>>> print(open('model-v7.cif').read())   # mmCIF, C-alpha atoms and all ligand atoms
data_work
#
loop_
_atom_site.group_PDB
_atom_site.id
_atom_site.type_symbol
_atom_site.label_atom_id
_atom_site.label_comp_id
_atom_site.auth_asym_id
_atom_site.auth_seq_id
_atom_site.Cartn_x
_atom_site.Cartn_y
_atom_site.Cartn_z
ATOM 1 C CA GLY X 30 9.623 -6.851 -40.113
ATOM 2 C CA ASP X 31 9.832 -3.601 -38.224
ATOM 3 C CA ALA X 32 10.500 -4.497 -34.623
ATOM 4 C CA ILE X 33 8.913 -2.001 -32.242
ATOM 5 C CA LEU X 34 10.026 -1.233 -28.695
ATOM 6 C CA ARG X 35 7.856 0.468 -26.092
ATOM 7 C CA VAL X 36 9.904 2.587 -23.705
ATOM 8 C CA GLY X 37 8.213 3.522 -20.419
ATOM 9 C CA PRO X 38 4.501 3.787 -19.727
ATOM 10 C CA VAL X 39 2.103 4.942 -22.443
ATOM 11 C CA ASN X 40 -1.659 5.357 -22.588
ATOM 12 C CA PRO X 41 -3.478 1.965 -22.238
ATOM 13 C CA GLU X 42 -4.978 2.223 -25.746
ATOM 14 C CA VAL X 43 -1.518 2.700 -27.209
ATOM 15 C CA ALA X 44 -0.056 -0.113 -25.086
ATOM 16 C CA GLN X 45 -2.853 -2.448 -26.183
ATOM 17 C CA ALA X 46 -2.444 -1.657 -29.886
ATOM 18 C CA LEU X 47 1.328 -2.021 -29.640
ATOM 19 C CA GLN X 48 1.205 -5.378 -27.972
ATOM 20 C CA ALA X 49 -1.801 -6.999 -29.643
ATOM 21 C CA ASP X 50 -1.624 -5.674 -33.211
ATOM 22 C CA LEU X 51 2.011 -4.790 -33.682
ATOM 23 C CA GLY X 52 3.896 -7.334 -31.587
ATOM 24 C CA ALA X 53 5.883 -4.647 -29.803
ATOM 25 C CA GLN X 54 8.337 -5.509 -27.039
ATOM 26 C CA VAL X 55 8.253 -3.656 -23.737
ATOM 27 C CA LEU X 56 11.557 -2.348 -22.393
ATOM 28 C CA PRO X 57 11.998 -3.583 -18.799
ATOM 29 C CA GLU X 58 13.169 -1.294 -15.983
ATOM 30 C CA PRO X 59 16.980 -0.891 -15.835
ATOM 31 C CA GLY X 60 18.506 -4.191 -14.687
ATOM 32 C CA PRO X 61 19.391 -7.664 -15.954
ATOM 33 C CA GLU X 62 16.068 -8.142 -17.801
ATOM 34 C CA ARG X 63 16.589 -4.967 -19.764
ATOM 35 C CA GLU X 64 20.149 -5.995 -20.564
ATOM 36 C CA ALA X 65 18.961 -9.371 -21.841
ATOM 37 C CA LEU X 66 16.305 -7.830 -24.058
ATOM 38 C CA LEU X 67 18.699 -5.272 -25.506
ATOM 39 C CA GLU X 68 21.358 -7.919 -26.143
ATOM 40 C CA GLU X 69 18.916 -10.220 -27.885
ATOM 41 C CA HIS X 70 16.747 -7.716 -29.783
ATOM 42 C CA GLY X 71 18.572 -4.354 -29.682
ATOM 43 C CA THR X 72 19.771 -4.561 -33.279
ATOM 44 C CA GLN X 73 16.297 -5.507 -34.599
ATOM 45 C CA ILE X 74 14.489 -2.503 -33.161
ATOM 46 C CA ARG X 75 13.551 0.060 -35.810
ATOM 47 C CA VAL X 76 10.847 2.053 -34.049
ATOM 48 C CA ALA X 77 10.625 3.146 -30.404
ATOM 49 C CA VAL X 78 7.416 4.411 -28.797
ATOM 50 C CA CYS X 79 7.910 6.520 -25.665
ATOM 51 C CA SER X 80 6.238 9.180 -23.559
ATOM 52 C CA GLY X 81 7.122 12.696 -22.536
ATOM 53 C CA ARG X 82 8.445 11.597 -19.159
ATOM 54 C CA ILE X 83 10.510 8.560 -20.126
ATOM 55 C CA GLY X 84 12.039 9.022 -23.541
ATOM 56 C CA VAL X 85 14.806 7.411 -25.544
ATOM 57 C CA ASP X 86 17.814 8.813 -23.722
ATOM 58 C CA SER X 87 21.359 8.900 -25.003
ATOM 59 C CA GLU X 88 22.418 5.567 -23.510
ATOM 60 C CA LEU X 89 19.350 3.662 -24.718
ATOM 61 C CA MET X 90 19.602 5.146 -28.204
ATOM 62 C CA GLN X 91 23.198 3.900 -28.452
ATOM 63 C CA ARG X 92 21.957 0.400 -27.680
ATOM 64 C CA LEU X 93 19.546 0.583 -30.646
ATOM 65 C CA PRO X 94 21.940 0.847 -33.629
ATOM 66 C CA ASN X 95 19.223 0.363 -36.275
ATOM 67 C CA LEU X 96 16.653 2.699 -34.780
ATOM 68 C CA GLU X 97 14.870 4.757 -37.461
ATOM 69 C CA ALA X 98 11.935 6.445 -35.734
ATOM 70 C CA ILE X 99 10.822 7.579 -32.286
ATOM 71 C CA ILE X 100 7.089 8.010 -31.711
ATOM 72 C CA ASN X 101 6.583 10.242 -28.655
ATOM 73 C CA PHE X 102 3.271 10.176 -26.748
ATOM 74 C CA GLY X 103 3.125 13.813 -25.596
ATOM 75 C CA VAL X 104 4.005 17.191 -27.035
ATOM 76 C CA GLY X 105 7.230 17.530 -25.015
ATOM 77 C CA TYR X 106 10.160 15.323 -26.050
ATOM 78 C CA ASP X 107 12.885 16.595 -23.729
ATOM 79 C CA ALA X 108 13.401 13.103 -22.255
ATOM 80 C CA THR X 109 14.638 11.961 -25.674
ATOM 81 C CA ASP X 110 18.155 12.747 -26.937
ATOM 82 C CA VAL X 111 17.002 14.675 -29.985
ATOM 83 C CA ALA X 112 20.543 15.798 -30.880
ATOM 84 C CA GLN X 113 21.684 12.177 -31.234
ATOM 85 C CA ALA X 114 18.486 11.303 -33.124
ATOM 86 C CA GLN X 115 19.086 14.124 -35.591
ATOM 87 C CA ALA X 116 22.750 13.244 -36.022
ATOM 88 C CA ARG X 117 21.792 9.649 -36.796
ATOM 89 C CA GLY X 118 18.888 10.510 -39.092
ATOM 90 C CA ILE X 119 16.325 9.070 -36.664
ATOM 91 C CA VAL X 120 12.973 10.824 -37.147
ATOM 92 C CA VAL X 121 10.850 11.856 -34.152
ATOM 93 C CA SER X 122 7.119 12.594 -33.882
ATOM 94 C CA ASN X 123 5.174 14.144 -30.995
ATOM 95 C CA THR X 124 1.474 14.914 -30.310
ATOM 96 C CA PRO X 125 1.025 18.686 -30.659
ATOM 97 C CA ASP X 126 -2.253 20.650 -30.883
ATOM 98 C CA VAL X 127 -4.588 17.933 -29.551
ATOM 99 C CA LEU X 128 -3.592 18.690 -25.945
ATOM 100 C CA THR X 129 -3.230 22.476 -26.166
ATOM 101 C CA GLU X 130 -6.669 23.379 -24.782
ATOM 102 C CA CYS X 131 -6.554 20.907 -21.882
ATOM 103 C CA VAL X 132 -3.088 21.997 -20.782
ATOM 104 C CA ALA X 133 -4.201 25.643 -20.964
ATOM 105 C CA ASP X 134 -7.273 24.752 -18.865
ATOM 106 C CA THR X 135 -4.992 23.185 -16.259
ATOM 107 C CA ALA X 136 -2.847 26.328 -16.263
ATOM 108 C CA LEU X 137 -5.921 28.471 -15.564
ATOM 109 C CA GLY X 138 -7.073 26.080 -12.845
ATOM 110 C CA LEU X 139 -3.657 26.349 -11.190
ATOM 111 C CA TYR X 140 -3.643 30.125 -11.652
ATOM 112 C CA LEU X 141 -7.008 30.573 -9.925
ATOM 113 C CA SER X 142 -6.319 27.968 -7.284
ATOM 114 C CA THR X 143 -2.970 29.563 -6.433
ATOM 115 C CA LEU X 144 -3.924 33.254 -6.348
ATOM 116 C CA ARG X 145 -7.272 32.617 -4.635
ATOM 117 C CA SER X 146 -5.941 29.845 -2.318
ATOM 118 C CA LEU X 147 -8.787 27.561 -3.357
ATOM 119 C CA GLY X 148 -7.062 24.319 -2.342
ATOM 120 C CA ALA X 149 -6.073 25.680 1.066
ATOM 121 C CA ALA X 150 -9.610 27.055 1.530
ATOM 122 C CA GLU X 151 -11.098 23.649 0.841
ATOM 123 C CA ARG X 152 -8.711 21.980 3.279
ATOM 124 C CA PHE X 153 -9.732 24.627 5.843
ATOM 125 C CA LEU X 154 -13.409 23.760 5.400
ATOM 126 C CA ARG X 155 -12.830 20.001 5.492
ATOM 127 C CA ALA X 156 -10.771 20.370 8.652
ATOM 128 C CA GLY X 157 -13.822 21.930 10.329
ATOM 129 C CA ALA X 158 -12.255 25.353 10.806
ATOM 130 C CA TRP X 159 -15.110 27.208 9.087
ATOM 131 C CA ALA X 160 -17.785 25.372 11.082
ATOM 132 C CA ALA X 161 -15.814 26.270 14.213
ATOM 133 C CA GLY X 162 -16.280 29.950 13.425
ATOM 134 C CA GLU X 163 -12.914 30.809 11.866
ATOM 135 C CA ASN X 164 -12.585 32.946 8.739
ATOM 136 C CA PHE X 165 -10.306 31.872 5.910
ATOM 137 C CA PRO X 166 -7.582 34.489 5.240
ATOM 138 C CA LEU X 167 -8.066 36.823 2.271
ATOM 139 C CA ALA X 168 -6.458 35.836 -1.026
ATOM 140 C CA THR X 169 -5.145 37.756 -4.063
ATOM 141 C CA ARG X 170 -7.315 39.111 -6.911
ATOM 142 C CA ALA X 171 -6.852 37.010 -10.052
ATOM 143 C CA SER X 172 -8.660 39.280 -12.526
ATOM 144 C CA GLY X 173 -6.838 42.193 -14.115
ATOM 145 C CA THR X 174 -3.318 41.097 -13.183
ATOM 146 C CA LYS X 175 -0.204 41.470 -15.310
ATOM 147 C CA VAL X 176 0.826 38.008 -16.440
ATOM 148 C CA GLY X 177 4.181 37.191 -18.025
ATOM 149 C CA ILE X 178 4.046 34.165 -20.294
ATOM 150 C CA LEU X 179 7.410 32.465 -20.596
ATOM 151 C CA GLY X 180 7.208 30.611 -23.922
ATOM 152 C CA LEU X 181 4.503 31.944 -26.230
ATOM 153 C CA GLY X 182 3.978 28.788 -28.269
ATOM 154 C CA ARG X 183 0.700 27.010 -28.912
ATOM 155 C CA ILE X 184 0.031 26.353 -25.226
ATOM 156 C CA GLY X 185 1.266 29.778 -24.080
ATOM 157 C CA GLN X 186 -1.094 31.453 -26.563
ATOM 158 C CA ALA X 187 -4.058 29.307 -25.437
ATOM 159 C CA ILE X 188 -3.338 30.369 -21.837
ATOM 160 C CA ALA X 189 -3.134 34.013 -22.927
ATOM 161 C CA ASN X 190 -6.514 33.734 -24.693
ATOM 162 C CA ARG X 191 -8.097 32.561 -21.454
ATOM 163 C CA LEU X 192 -6.371 35.218 -19.333
ATOM 164 C CA GLU X 193 -7.618 37.952 -21.655
ATOM 165 C CA ALA X 194 -11.156 37.040 -20.589
ATOM 166 C CA PHE X 195 -10.007 37.722 -17.002
ATOM 167 C CA GLY X 196 -8.941 41.228 -18.026
ATOM 168 C CA CYS X 197 -5.259 40.403 -17.607
ATOM 169 C CA GLU X 198 -2.483 42.377 -19.263
ATOM 170 C CA ILE X 199 -0.332 39.882 -21.153
ATOM 171 C CA HIS X 200 3.436 40.147 -21.480
ATOM 172 C CA TYR X 201 5.798 37.478 -22.818
ATOM 173 C CA HIS X 202 9.320 36.300 -23.364
ATOM 174 C CA ASN X 203 10.102 33.794 -26.088
ATOM 175 C CA ARG X 204 13.222 32.519 -27.875
ATOM 176 C CA SER X 205 12.134 34.754 -30.746
ATOM 177 C CA GLU X 206 9.825 37.762 -30.674
ATOM 178 C CA LYS X 207 6.440 37.114 -32.295
ATOM 179 C CA PRO X 208 6.002 39.971 -34.765
ATOM 180 C CA ASP X 209 2.223 39.427 -35.019
ATOM 181 C CA SER X 210 1.589 39.416 -31.280
ATOM 182 C CA ARG X 211 -0.151 42.315 -29.561
ATOM 183 C CA TYR X 212 1.486 41.394 -26.250
ATOM 184 C CA ALA X 213 4.447 43.230 -24.757
ATOM 185 C CA TYR X 214 7.698 41.396 -25.538
ATOM 186 C CA HIS X 215 10.551 41.290 -23.011
ATOM 187 C CA PRO X 216 14.081 40.288 -24.042
ATOM 188 C CA SER X 217 14.686 38.001 -21.033
ATOM 189 C CA ALA X 218 12.922 35.974 -18.359
ATOM 190 C CA LEU X 219 14.274 38.470 -15.804
ATOM 191 C CA ALA X 220 12.791 41.477 -17.601
ATOM 192 C CA LEU X 221 9.484 39.589 -17.890
ATOM 193 C CA ALA X 222 9.404 38.798 -14.163
ATOM 194 C CA GLU X 223 10.253 42.394 -13.282
ATOM 195 C CA ALA X 224 7.363 43.738 -15.377
ATOM 196 C CA THR X 225 4.605 41.361 -14.228
ATOM 197 C CA ASP X 226 2.714 39.980 -11.184
ATOM 198 C CA VAL X 227 2.558 36.355 -12.278
ATOM 199 C CA LEU X 228 5.131 34.331 -14.206
ATOM 200 C CA MET X 229 3.352 31.661 -16.263
ATOM 201 C CA ILE X 230 5.768 29.037 -17.565
ATOM 202 C CA ALA X 231 4.801 27.420 -20.882
ATOM 203 C CA ALA X 232 8.235 26.954 -22.476
ATOM 204 C CA ALA X 233 9.418 23.699 -24.017
ATOM 205 C CA GLY X 234 11.739 21.676 -21.766
ATOM 206 C CA GLY X 235 15.246 20.571 -22.684
ATOM 207 C CA SER X 236 18.692 22.105 -22.446
ATOM 208 C CA GLN X 237 17.673 25.414 -24.048
ATOM 209 C CA SER X 238 15.285 26.296 -21.215
ATOM 210 C CA ALA X 239 16.921 24.441 -18.296
ATOM 211 C CA GLY X 240 17.208 26.694 -15.253
ATOM 212 C CA LEU X 241 15.852 29.684 -17.184
ATOM 213 C CA VAL X 242 13.896 30.686 -14.075
ATOM 214 C CA ASP X 243 16.899 30.994 -11.778
ATOM 215 C CA ARG X 244 17.355 32.576 -8.338
ATOM 216 C CA GLU X 245 17.520 36.081 -9.791
ATOM 217 C CA VAL X 246 14.313 35.652 -11.807
ATOM 218 C CA ILE X 247 12.523 34.176 -8.779
ATOM 219 C CA GLU X 248 13.648 37.157 -6.695
ATOM 220 C CA ALA X 249 12.273 39.476 -9.353
ATOM 221 C CA VAL X 250 8.851 37.794 -9.073
ATOM 222 C CA GLY X 251 8.898 39.235 -5.563
ATOM 223 C CA PRO X 252 6.904 38.808 -2.332
ATOM 224 C CA ARG X 253 3.603 39.756 -4.022
ATOM 225 C CA GLY X 254 4.227 37.701 -7.163
ATOM 226 C CA PHE X 255 3.382 34.147 -8.219
ATOM 227 C CA ILE X 256 4.863 31.448 -10.451
ATOM 228 C CA ILE X 257 2.716 28.926 -12.338
ATOM 229 C CA ASN X 258 4.410 26.020 -14.149
ATOM 230 C CA ILE X 259 2.666 23.586 -16.496
ATOM 231 C CA ALA X 260 5.733 23.068 -18.721
ATOM 232 C CA ARG X 261 8.669 21.103 -17.287
ATOM 233 C CA GLY X 262 10.203 21.142 -13.813
ATOM 234 C CA SER X 263 13.620 21.671 -15.401
ATOM 235 C CA VAL X 264 12.731 25.221 -16.504
ATOM 236 C CA ILE X 265 12.931 26.372 -12.844
ATOM 237 C CA ASP X 266 15.835 26.121 -10.396
ATOM 238 C CA GLU X 267 13.699 23.928 -8.117
ATOM 239 C CA PRO X 268 15.771 24.217 -4.899
ATOM 240 C CA ALA X 269 15.773 28.020 -5.302
ATOM 241 C CA LEU X 270 11.988 27.967 -5.767
ATOM 242 C CA VAL X 271 11.467 25.819 -2.676
ATOM 243 C CA GLN X 272 13.610 28.194 -0.641
ATOM 244 C CA ALA X 273 11.769 31.257 -1.985
ATOM 245 C CA LEU X 274 8.392 29.727 -1.107
ATOM 246 C CA ALA X 275 9.512 28.724 2.385
ATOM 247 C CA ASN X 276 10.950 32.215 3.021
ATOM 248 C CA LYS X 277 7.913 33.950 1.455
ATOM 249 C CA ASP X 278 10.254 35.672 -1.002
ATOM 250 C CA ILE X 279 7.434 35.047 -3.481
ATOM 251 C CA ALA X 280 3.730 34.933 -2.621
ATOM 252 C CA GLY X 281 3.044 31.484 -4.034
ATOM 253 C CA ALA X 282 3.358 28.954 -6.822
ATOM 254 C CA GLY X 283 1.176 26.527 -8.732
ATOM 255 C CA LEU X 284 3.087 23.511 -10.052
ATOM 256 C CA ASP X 285 1.974 20.653 -12.303
ATOM 257 C CA VAL X 286 5.552 19.591 -13.082
ATOM 258 C CA PHE X 287 8.713 18.818 -11.118
ATOM 259 C CA THR X 288 12.331 17.967 -11.855
ATOM 260 C CA LYS X 289 12.243 14.353 -10.610
ATOM 261 C CA GLU X 290 8.674 13.188 -11.178
ATOM 262 C CA PRO X 291 6.899 11.515 -9.540
ATOM 263 C CA SER X 292 8.795 12.713 -6.489
ATOM 264 C CA VAL X 293 8.054 16.206 -5.178
ATOM 265 C CA PRO X 294 10.394 18.115 -2.820
ATOM 266 C CA ALA X 295 9.229 17.164 0.688
ATOM 267 C CA GLU X 296 9.383 20.770 1.949
ATOM 268 C CA LEU X 297 6.627 21.739 -0.497
ATOM 269 C CA LEU X 298 4.131 19.304 1.011
ATOM 270 C CA ASN X 299 3.936 21.377 4.199
ATOM 271 C CA LEU X 300 3.572 24.781 2.553
ATOM 272 C CA ASP X 301 0.139 26.318 2.045
ATOM 273 C CA ASN X 302 1.316 28.931 -0.477
ATOM 274 C CA VAL X 303 1.907 26.311 -3.158
ATOM 275 C CA VAL X 304 -0.621 24.289 -5.165
ATOM 276 C CA LEU X 305 0.743 20.897 -6.257
ATOM 277 C CA LEU X 306 -0.660 18.741 -9.053
ATOM 278 C CA PRO X 307 0.597 15.303 -10.210
ATOM 279 C CA HIS X 308 1.349 16.269 -13.868
ATOM 280 C CA VAL X 309 -2.291 16.201 -14.977
ATOM 281 C CA GLY X 310 -2.016 18.934 -17.634
ATOM 282 C CA SER X 311 -3.287 16.815 -20.529
ATOM 283 C CA GLY X 312 -5.056 14.259 -18.335
ATOM 284 C CA THR X 313 -8.624 14.086 -19.613
ATOM 285 C CA HIS X 314 -10.374 11.135 -21.288
ATOM 286 C CA GLU X 315 -10.920 13.178 -24.421
ATOM 287 C CA THR X 316 -7.418 14.556 -24.846
ATOM 288 C CA ARG X 317 -5.642 11.313 -23.949
ATOM 289 C CA ALA X 318 -7.789 9.527 -26.572
ATOM 290 C CA ASP X 319 -6.799 12.174 -29.132
ATOM 291 C CA MET X 320 -3.130 11.840 -28.164
ATOM 292 C CA ALA X 321 -3.353 8.041 -28.460
ATOM 293 C CA ALA X 322 -4.938 8.317 -31.914
ATOM 294 C CA LEU X 323 -2.260 10.754 -33.070
ATOM 295 C CA ALA X 324 0.627 8.699 -31.662
ATOM 296 C CA LEU X 325 -0.735 5.543 -33.315
ATOM 297 C CA GLY X 326 -1.406 7.516 -36.498
ATOM 298 C CA ASN X 327 2.254 8.539 -36.580
ATOM 299 C CA LEU X 328 3.348 4.948 -35.963
ATOM 300 C CA ARG X 329 1.105 3.454 -38.663
ATOM 301 C CA SER X 330 2.079 6.139 -41.128
ATOM 302 C CA TYR X 331 5.760 5.416 -40.495
ATOM 303 C CA LEU X 332 5.309 1.665 -40.862
ATOM 304 C CA GLU X 333 3.335 2.150 -44.078
ATOM 305 C CA ASP X 334 5.425 4.623 -46.025
ATOM 306 C CA ARG X 335 8.139 6.029 -43.734
ATOM 307 C CA THR X 336 6.350 9.336 -43.180
ATOM 308 C CA LEU X 337 5.183 10.959 -39.946
ATOM 309 C CA LEU X 338 1.943 12.919 -39.457
ATOM 310 C CA THR X 339 3.450 15.305 -36.917
ATOM 311 C CA PRO X 340 7.260 15.226 -37.050
ATOM 312 C CA ILE X 341 9.148 17.552 -34.710
ATOM 313 C CA SER X 342 10.798 20.354 -36.645
HETATM 314 C C1 LIG X 401 1.890 13.783 -20.888
HETATM 315 C C2 LIG X 401 3.215 15.931 -21.328
HETATM 316 O O1 LIG X 401 1.405 13.552 -19.605
HETATM 317 O O2 LIG X 401 2.648 16.124 -23.585
HETATM 318 C C3 LIG X 401 3.501 16.291 -22.730
HETATM 319 O O3 LIG X 401 4.602 16.778 -22.991
HETATM 320 O O4 LIG X 401 3.961 16.220 -20.463
HETATM 321 C C4 LIG X 401 1.939 15.253 -21.017
HETATM 322 O O5 LIG X 401 0.957 15.581 -21.925
HETATM 323 C C5 LIG X 401 3.061 12.918 -21.056
HETATM 324 O O6 LIG X 401 3.804 13.136 -22.178
HETATM 325 C C6 LIG X 401 2.574 11.484 -21.091
HETATM 326 O O7 LIG X 401 3.355 10.721 -20.341
#
>>> encode(input="model-v7.cif", output="structure tokens")
Amino acid sequence: GDAILRVGPVNPEVAQALQADLGAQVLPEPGPEREALLEEHGTQIRVAVCSGRIGVDSELMQRLPNLEAIINFGVGYDATDVAQAQARGIVVSNTPDVLTECVADTALGLYLSTLRSLGAAERFLRAGAWAAGENFPLATRASGTKVGILGLGRIGQAIANRLEAFGCEIHYHNRSEKPDSRYAYHPSALALAEATDVLMIAAAGGSQSAGLVDREVIEAVGPRGFIINIARGSVIDEPALVQALANKDIAGAGLDVFTKEPSVPAELLNLDNVVLLPHVGSGTHETRADMAALALGNLRSYLEDRTLLTPIS
């Protein structure tokens, strides 16, 4: 048969189907148990099911010499060694489209919360400061800003659609210019940051985008500018961002993603000019059910006839 290995946590519906219907094994945390499982079953595994955060990395993939397919729960697959997969003819699927609207909603929530200090304002009220007669400090207008979208893919475009309703002027930088787009294209992340008030990060993770938002780009965002990130923590030089926020070199940031999730740089927890979310971009009942159905659809399709519904390109 086709032995299946689950790598890392997945949605409960997917975990249930894997275990009950498909007899999948669950990869233990690194340690002796994992070693034992890989030694005993490593050569039998043909399909791995993983998530965006914990993928099939280089070392694990080498331990699975007969691996044929990787089914990724999530649109981002940067935690998987795609170069090795491609070199070995291992096919990979992800869950695009079904989560686009929810992730874009989260981006807008972060955008509004960050520019208008909504989280800090709520903490102020709960702490009794309003009742005690204090006034919450004024925030920044979120309508009619210039927003620079870094990565104008499906999610970037869905964010842009929403921002247009806020009267925002949309600019973008992308690996390749989109000839059909009405938005102003900039040839680099730096040029984008220089031309806009808010840098909205929606680029795919992985080596191509790692550290794209470096110290220089962060400086260009400037003391009146903001950064919103719903993509991957790796796209930003995180220590440089922390320093810029602490020094008020930028006005604020809204972050759903971090470099070493689930840990968040401790300095950020004490700053009021940053809104922090625990990677909830796609986290709704509806979207997670759609992602589960698509991930299982890819798996069943592969087991049936060696095709994938949504292979990565
Ligand atoms: C998921 C994500 O939370 O799709 C992605 O790339 O980051 C999120 O939708 C994650 O993949 C599930 O663990």
>>> axis_aligned_box(input="model-v7.cif", around="ligand LIG 401 (chain X)", padding_each_side="6 Å", output="lines of an AutoDock Vina configuration file")
center_x = 2.8
center_y = 13.7
center_z = -21.6
size_x = 15.6
size_y = 18.1
size_z = 16.0
>>> residues_near_ligand(input="model-v7.cif", ligand="ligand LIG 401 (chain X)", cutoff="8 Å", atoms="all atoms listed in the file", output="VMD selection string")
chain X and resid 38 to 40 80 to 83 101 to 106 124 to 125 128 132 260 to 261 308 to 312
>>> closest_residue(input="model-v7.cif", among="X:Pro166, X:Ser238, X:Val271, X:Phe195", to="Asp107 in chain X", atoms="all atoms listed in the file")
X:Ser238
>>> resolve_selection(input="model-v7.cif", expression="the PyMOL selection byres (((chain X and resi 258) around 12) and not hetatm)", output="ChimeraX atom specification")
/X:132-133,135-140,143,177-180,184-185,188,227-234,242,255-257,259-265,267,270,281-288,303-306,308-310
>>> atom_distance(input="model-v7.cif", atom1="CA of Gly71 in chain X", atom2="CA of Pro94 in chain X")
7.3 Å
>>> residues_around(input="model-v7.cif", residues="Ile119 in chain X", least_positions_apart="5", cutoff="12 Å", atoms="all atoms listed in the file", output="JSON, numbers by chain")
{"X": [75, 76, 77, 85, 90, 91, 93, 94, 95, 96, 97, 98, 99, 100, 109, 110, 111, 112, 113, 114, 331, 335, 336, 337, 340, 341]}
